[in-house]
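Below: the structure, in structure tokens.
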Amino acid sequence: MKKKYLRVLSYNIHKGFSTGNRRFVLGKIREAIRVVHADLVFLQEVLGKHSGHSKAIKEWPTEPQFEYLADEIWPHHAYGKNAVYTAGHHGNAILSKYPIRLSENIDVSMTRLEHRGLLHAVIDVPGHAVPVHAICVHFALFESARKRQILKLCERIESHVPHIEPVIIAGDFNDWRARASDVLKNELNVSEAFQKAEGDHARTFPAWLPTLQLDRIYFRGMDLRSAQCLTGDPWNALSDHAALSAELSYQ
């Protein structure tokens with residue numbers, strides 16, 4: 001069977017605002033992610049609705065942010081609503097060039113202050129008998145909560161992802177101490193794209209001077225062709241996170 005190549009992008013978009021919420025840059029974010037030509041886009045901190053911003057910001061889109069970003073490039077998308085408040089809600093999103101067979105958002109919130117979820121989408125890639133499982137994550141700031149969320153992620157994959165089907169896990173792990181990878185490798189036999197390509201996780205935060213290794217792309221049942229941390233112009237003037245891109249192949 002001919003190999004299929006998938007280009008993946010993972011990006012915490014900071015709700016469409018630049019660092020310090022100084023400027024609304026969602027339009028520039030849309031332009032930037034288009035240039036990557038990703039097949040699958042994993043997004044964190046996506047606003048599904050915000051009544052205050054929609055009235056105050058002239059450029060605010062009429063549709064949810066994930067639909068605005070998807071536009072005509074990614075006709076299939078899923079959204080996981082995690083944090084709900086008076087003005088609206090935000091969460092994770094997956095944009096796909098290929099049909100999403102089903103999606104589910106799993107609540108992994110550990111405290112009342114941090115509402116977190118795992119967005120799991122099952123994607124049918126034309127020409128392949130088995131689907132690709134895409135899981136978009138944004139984990140807690142506190143390590144004790146992250147540890148439990150990582151175990152929830154492992155439980156989800158063990159119970160819902162057959163071993164013959166490829167899986168990609170991407171997002172903002174907030175794992176600045178680099179504790180998650182050993183657990184995920186031991187429990188799930190996954191690889192992390194930048195560890196495999198460069199021997200270490202990518203530095204993604206803050207975007208203007210990346211120091212902390214917060215964002216990851218893990219995979220299983222696939223081969224890595226390339227991995228890139230997207231820094232410099234225009235990325236350093238958009239979100240407070242750098243974006244990650246990887247090209248993966250499978251049969």
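Just so we're on the same page: first chain in the structure tokens is A, next is B, and so on; residues restart at 1 for each chain, and ligands are numbered from 1 in the order they show up.
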
Once you count only C-alpha atoms, what closest atom pair and distance in Å to one decimal does each residue of region 108-169 of chain A within 9 Å of region 174-180 of chain A have, with rows by chain and rising residue number, as a tab-separated table?
residue	atom	partner	partner_atom	distance
A:His138	CA	A:Asn174	CA	7.6
A:Phe139	CA	A:Asn174	CA	6.1
A:Ala140	CA	A:Asn174	CA	6.6
A:Leu141	CA	A:Asn174	CA	6.0
A:Phe142	CA	A:Asn174	CA	8.5
A:Glu143	CA	A:Asp175	CA	7.8
A:Arg146	CA	A:Asp175	CA	7.9
A:Lys147	CA	A:Ala180	CA	7.8
A:Ile150	CA	A:Ala180	CA	7.2

Inset, instruction - Compile the contact shell of Ile106 (chain A) as a ChimeraX atom specification: residues with an atom at most 7 Å away, counting only C-alpha atoms, same-chain residues fewer than 6 positions apart removed. - result: /A:117-119

For the residues selected in the previous step, produce a file with C-alpha atoms as an mmCIF file, in the first residue's frame.
data_model
loop_
_atom_site.group_PDB
_atom_site.id
_atom_site.type_symbol
_atom_site.label_atom_id
_atom_site.label_comp_id
_atom_site.auth_asym_id
_atom_site.auth_seq_id
_atom_site.Cartn_x
_atom_site.Cartn_y
_atom_site.Cartn_z
ATOM 1 C CA GLY A 117 -10.366 18.746 27.919
ATOM 2 C CA LEU A 118 -9.121 16.143 25.456
ATOM 3 C CA LEU A 119 -10.647 16.597 22.010
#

As a compact mmCIF listing (two decimals) with N, CA and C atoms, in the first residue's frame, which residues of region 32-246 of chain A does DSSP assign to strand (DSSP E or B)?
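And here's out_23.txt as it stands now:
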# COMPACT_ATOMS: atom_id res chain seq x y z
N LEU A 40 -3.85 18.51 9.03
CA LEU A 40 -4.54 18.52 10.31
C LEU A 40 -3.98 19.66 11.15
N VAL A 41 -4.87 20.43 11.77
CA VAL A 41 -4.45 21.55 12.61
C VAL A 41 -5.05 21.34 14.00
N PHE A 42 -4.17 21.32 15.01
CA PHE A 42 -4.58 21.18 16.40
C PHE A 42 -4.46 22.56 17.06
N LEU A 43 -5.58 23.09 17.54
CA LEU A 43 -5.60 24.44 18.09
C LEU A 43 -6.01 24.43 19.56
N GLN A 44 -5.36 25.26 20.35
CA GLN A 44 -5.73 25.44 21.75
C GLN A 44 -6.06 26.91 22.01
N GLU A 45 -6.82 27.14 23.07
CA GLU A 45 -7.30 28.49 23.44
C GLU A 45 -8.05 29.14 22.28
N VAL A 46 -9.05 28.44 21.80
CA VAL A 46 -9.90 28.91 20.71
C VAL A 46 -11.21 29.40 21.30
N LEU A 47 -11.59 30.62 20.97
CA LEU A 47 -12.86 31.16 21.45
C LEU A 47 -14.00 30.70 20.54
N GLY A 48 -14.95 30.01 21.15
CA GLY A 48 -16.15 29.65 20.41
C GLY A 48 -17.14 30.80 20.38
N LYS A 49 -17.11 31.60 21.46
CA LYS A 49 -18.02 32.75 21.56
C LYS A 49 -17.49 33.71 22.62
N HIS A 50 -17.64 35.02 22.35
CA HIS A 50 -17.34 36.02 23.38
C HIS A 50 -18.14 37.28 23.05
N HIS A 76 -13.56 20.29 7.33
CA HIS A 76 -14.04 19.48 8.44
C HIS A 76 -13.37 19.98 9.73
N HIS A 77 -14.17 20.12 10.79
CA HIS A 77 -13.60 20.60 12.05
C HIS A 77 -14.41 20.12 13.24
N ALA A 78 -13.74 20.07 14.37
CA ALA A 78 -14.37 19.70 15.63
C ALA A 78 -13.94 20.68 16.70
N TYR A 79 -14.81 20.95 17.64
CA TYR A 79 -14.54 21.91 18.70
C TYR A 79 -14.91 21.30 20.04
N GLY A 80 -14.03 21.45 21.02
CA GLY A 80 -14.30 20.98 22.37
C GLY A 80 -14.41 22.14 23.33
N LYS A 81 -15.61 22.43 23.79
CA LYS A 81 -15.86 23.54 24.71
C LYS A 81 -15.40 23.13 26.11
N ASN A 82 -14.40 23.85 26.63
CA ASN A 82 -13.86 23.51 27.95
C ASN A 82 -14.25 24.52 29.02
N ALA A 83 -13.89 25.77 28.81
CA ALA A 83 -14.17 26.82 29.80
C ALA A 83 -15.41 27.61 29.37
N VAL A 84 -16.41 27.67 30.22
CA VAL A 84 -17.66 28.38 29.94
C VAL A 84 -17.83 29.48 30.98
N TYR A 85 -18.13 30.70 30.51
CA TYR A 85 -18.29 31.84 31.40
C TYR A 85 -19.39 32.73 30.85
N GLY A 88 -19.02 33.90 27.21
CA GLY A 88 -18.89 32.91 26.15
C GLY A 88 -18.18 31.65 26.59
N HIS A 89 -17.29 31.14 25.74
CA HIS A 89 -16.59 29.90 26.04
C HIS A 89 -15.38 29.75 25.13
N HIS A 90 -14.42 28.93 25.58
CA HIS A 90 -13.26 28.60 24.73
C HIS A 90 -12.82 27.17 25.00
N GLY A 91 -11.97 26.67 24.10
CA GLY A 91 -11.50 25.29 24.24
C GLY A 91 -10.50 24.94 23.15
N ASN A 92 -10.51 23.66 22.77
CA ASN A 92 -9.62 23.14 21.74
C ASN A 92 -10.40 22.92 20.44
N ALA A 93 -9.66 22.88 19.33
CA ALA A 93 -10.30 22.61 18.03
C ALA A 93 -9.34 21.81 17.16
N ILE A 94 -9.92 21.02 16.28
CA ILE A 94 -9.17 20.30 15.25
C ILE A 94 -9.76 20.65 13.90
N LEU A 95 -8.90 21.10 12.99
CA LEU A 95 -9.29 21.38 11.61
C LEU A 95 -8.71 20.29 10.72
N SER A 96 -9.49 19.83 9.75
CA SER A 96 -9.03 18.70 8.94
C SER A 96 -9.43 18.87 7.48
N ILE A 100 -14.10 13.93 9.23
CA ILE A 100 -14.04 13.50 10.63
C ILE A 100 -15.22 12.56 10.87
N ARG A 101 -14.89 11.31 11.12
CA ARG A 101 -15.92 10.29 11.31
C ARG A 101 -16.73 10.56 12.58
N LEU A 102 -16.04 10.89 13.64
CA LEU A 102 -16.70 11.22 14.90
C LEU A 102 -15.71 12.00 15.76
N SER A 103 -16.24 12.73 16.73
CA SER A 103 -15.39 13.45 17.67
C SER A 103 -16.05 13.48 19.03
N GLU A 104 -15.22 13.57 20.05
CA GLU A 104 -15.73 13.63 21.43
C GLU A 104 -14.77 14.48 22.26
N ASN A 105 -15.33 15.31 23.12
CA ASN A 105 -14.53 16.11 24.05
C ASN A 105 -14.65 15.50 25.44
N ILE A 106 -13.51 15.14 26.02
CA ILE A 106 -13.50 14.48 27.32
C ILE A 106 -13.02 15.47 28.38
N ASP A 107 -13.83 15.71 29.37
CA ASP A 107 -13.50 16.66 30.43
C ASP A 107 -12.42 16.05 31.33
N GLY A 117 -9.75 19.87 28.61
CA GLY A 117 -10.37 18.75 27.92
C GLY A 117 -9.43 18.10 26.93
N LEU A 118 -9.77 16.86 26.55
CA LEU A 118 -9.12 16.14 25.46
C LEU A 118 -10.12 16.09 24.31
N LEU A 119 -9.78 16.66 23.18
CA LEU A 119 -10.65 16.60 22.01
C LEU A 119 -10.14 15.48 21.11
N HIS A 120 -10.94 14.42 20.98
CA HIS A 120 -10.56 13.21 20.24
C HIS A 120 -11.39 13.13 18.96
N ALA A 121 -10.72 13.21 17.82
CA ALA A 121 -11.39 13.08 16.52
C ALA A 121 -10.86 11.87 15.78
N VAL A 122 -11.75 11.16 15.11
CA VAL A 122 -11.38 10.01 14.29
C VAL A 122 -11.54 10.42 12.83
N ILE A 123 -10.45 10.36 12.08
CA ILE A 123 -10.39 10.97 10.75
C ILE A 123 -10.19 9.91 9.67
N VAL A 132 -7.19 7.70 11.21
CA VAL A 132 -6.18 8.31 12.08
C VAL A 132 -6.90 8.93 13.27
N HIS A 133 -6.40 8.67 14.45
CA HIS A 133 -6.96 9.27 15.66
C HIS A 133 -6.16 10.54 15.98
N ALA A 134 -6.85 11.65 16.13
CA ALA A 134 -6.22 12.94 16.44
C ALA A 134 -6.74 13.41 17.79
N ILE A 135 -5.84 13.65 18.73
CA ILE A 135 -6.23 14.09 20.07
C ILE A 135 -5.54 15.41 20.37
N CYS A 136 -6.34 16.46 20.58
CA CYS A 136 -5.83 17.79 20.86
C CYS A 136 -5.96 18.05 22.36
N VAL A 137 -4.86 18.47 22.99
CA VAL A 137 -4.85 18.63 24.44
C VAL A 137 -4.35 20.02 24.84
N HIS A 138 -4.79 20.45 26.00
CA HIS A 138 -4.25 21.64 26.67
C HIS A 138 -4.32 21.35 28.15
N VAL A 167 -2.17 7.17 15.73
CA VAL A 167 -2.68 8.21 16.63
C VAL A 167 -1.68 9.35 16.68
N ILE A 168 -2.21 10.58 16.71
CA ILE A 168 -1.41 11.79 16.88
C ILE A 168 -1.97 12.54 18.07
N ILE A 169 -1.10 12.91 19.00
CA ILE A 169 -1.49 13.68 20.18
C ILE A 169 -0.71 14.99 20.12
N ALA A 170 -1.40 16.11 20.07
CA ALA A 170 -0.69 17.38 19.93
C ALA A 170 -1.37 18.46 20.76
N GLY A 171 -0.56 19.42 21.19
CA GLY A 171 -1.14 20.54 21.92
C GLY A 171 -0.17 21.15 22.91
N ASP A 172 -0.74 21.92 23.81
CA ASP A 172 0.00 22.64 24.84
C ASP A 172 -0.03 21.80 26.11
N SER A 191 6.09 8.32 20.28
CA SER A 191 7.31 9.12 20.13
C SER A 191 6.92 10.58 20.05
N GLU A 192 7.83 11.46 20.47
CA GLU A 192 7.59 12.89 20.33
C GLU A 192 8.44 13.41 19.17
N PHE A 205 7.83 28.78 24.10
CA PHE A 205 7.23 29.86 24.89
C PHE A 205 8.31 30.62 25.65
N LEU A 212 10.78 27.97 27.10
CA LEU A 212 10.13 26.82 27.73
C LEU A 212 9.60 25.84 26.69
N ASP A 215 4.95 22.87 24.21
CA ASP A 215 4.09 22.29 23.17
C ASP A 215 4.72 21.03 22.57
N ARG A 216 3.88 20.07 22.21
CA ARG A 216 4.39 18.77 21.75
C ARG A 216 3.54 18.20 20.61
N ILE A 217 4.17 17.32 19.84
CA ILE A 217 3.47 16.47 18.88
C ILE A 217 3.96 15.04 19.10
N TYR A 218 3.09 14.20 19.63
CA TYR A 218 3.39 12.78 19.82
C TYR A 218 2.69 11.96 18.74
N PHE A 219 3.25 10.79 18.44
CA PHE A 219 2.62 9.95 17.42
C PHE A 219 2.94 8.48 17.66
N ARG A 220 2.09 7.61 17.12
CA ARG A 220 2.28 6.15 17.17
C ARG A 220 1.71 5.56 15.89
N ASP A 223 5.62 7.21 10.83
CA ASP A 223 7.04 7.55 10.75
C ASP A 223 7.18 9.06 10.62
N LEU A 224 8.24 9.59 11.20
CA LEU A 224 8.49 11.03 11.14
C LEU A 224 9.36 11.36 9.93
N ARG A 225 8.90 12.31 9.12
CA ARG A 225 9.70 12.81 7.99
C ARG A 225 10.42 14.10 8.35
N SER A 226 9.74 15.00 9.07
CA SER A 226 10.36 16.27 9.42
C SER A 226 9.58 16.91 10.57
N ALA A 227 10.26 17.83 11.27
CA ALA A 227 9.63 18.57 12.36
C ALA A 227 10.21 19.98 12.37
N GLN A 228 9.34 20.97 12.61
CA GLN A 228 9.79 22.36 12.56
C GLN A 228 9.06 23.17 13.63
N CYS A 229 9.82 23.97 14.36
CA CYS A 229 9.25 24.94 15.29
C CYS A 229 9.19 26.28 14.58
N LEU A 230 8.01 26.85 14.48
CA LEU A 230 7.77 28.04 13.67
C LEU A 230 7.96 29.29 14.53
N ALA A 243 4.34 28.00 17.03
CA ALA A 243 3.61 26.86 16.49
C ALA A 243 4.58 25.73 16.16
N LEU A 244 4.08 24.49 16.17
CA LEU A 244 4.87 23.34 15.79
C LEU A 244 4.28 22.68 14.55
N SER A 245 5.16 22.21 13.68
CA SER A 245 4.74 21.52 12.47
C SER A 245 5.53 20.23 12.34
N ALA A 246 4.88 19.17 11.88
CA ALA A 246 5.56 17.89 11.64
C ALA A 246 4.92 17.20 10.44

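Residue nearest Pro131 (chain A) within the list A:His241, A:Lys4, A:Arg116, A:Arg34: A:Lys4 [criterion: smallest interatomic distance, only C-alpha atoms].
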
Legend entry - Given only C-alpha atoms as the counted atoms, nearest of A:Thr86, A:Ser10, A:Gln251, A:Ser144 to Met222 (chain A):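 Using only C-alpha atoms, the shortest distance to Met222 (chain A) belongs to A:Gln251.
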
Legend entry - Point-to-point distance in Å for CA of Ser51 (chain A) and CA of Gly16 (chain A):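 A separation of 14.7 Å between them.
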
Legend entry - For CA of Asp233 (chain A) and CA of Val35 (chain A), the interatomic separation in Å (one decimal):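 Rounded to one decimal, the two atoms are 12.6 Å apart.
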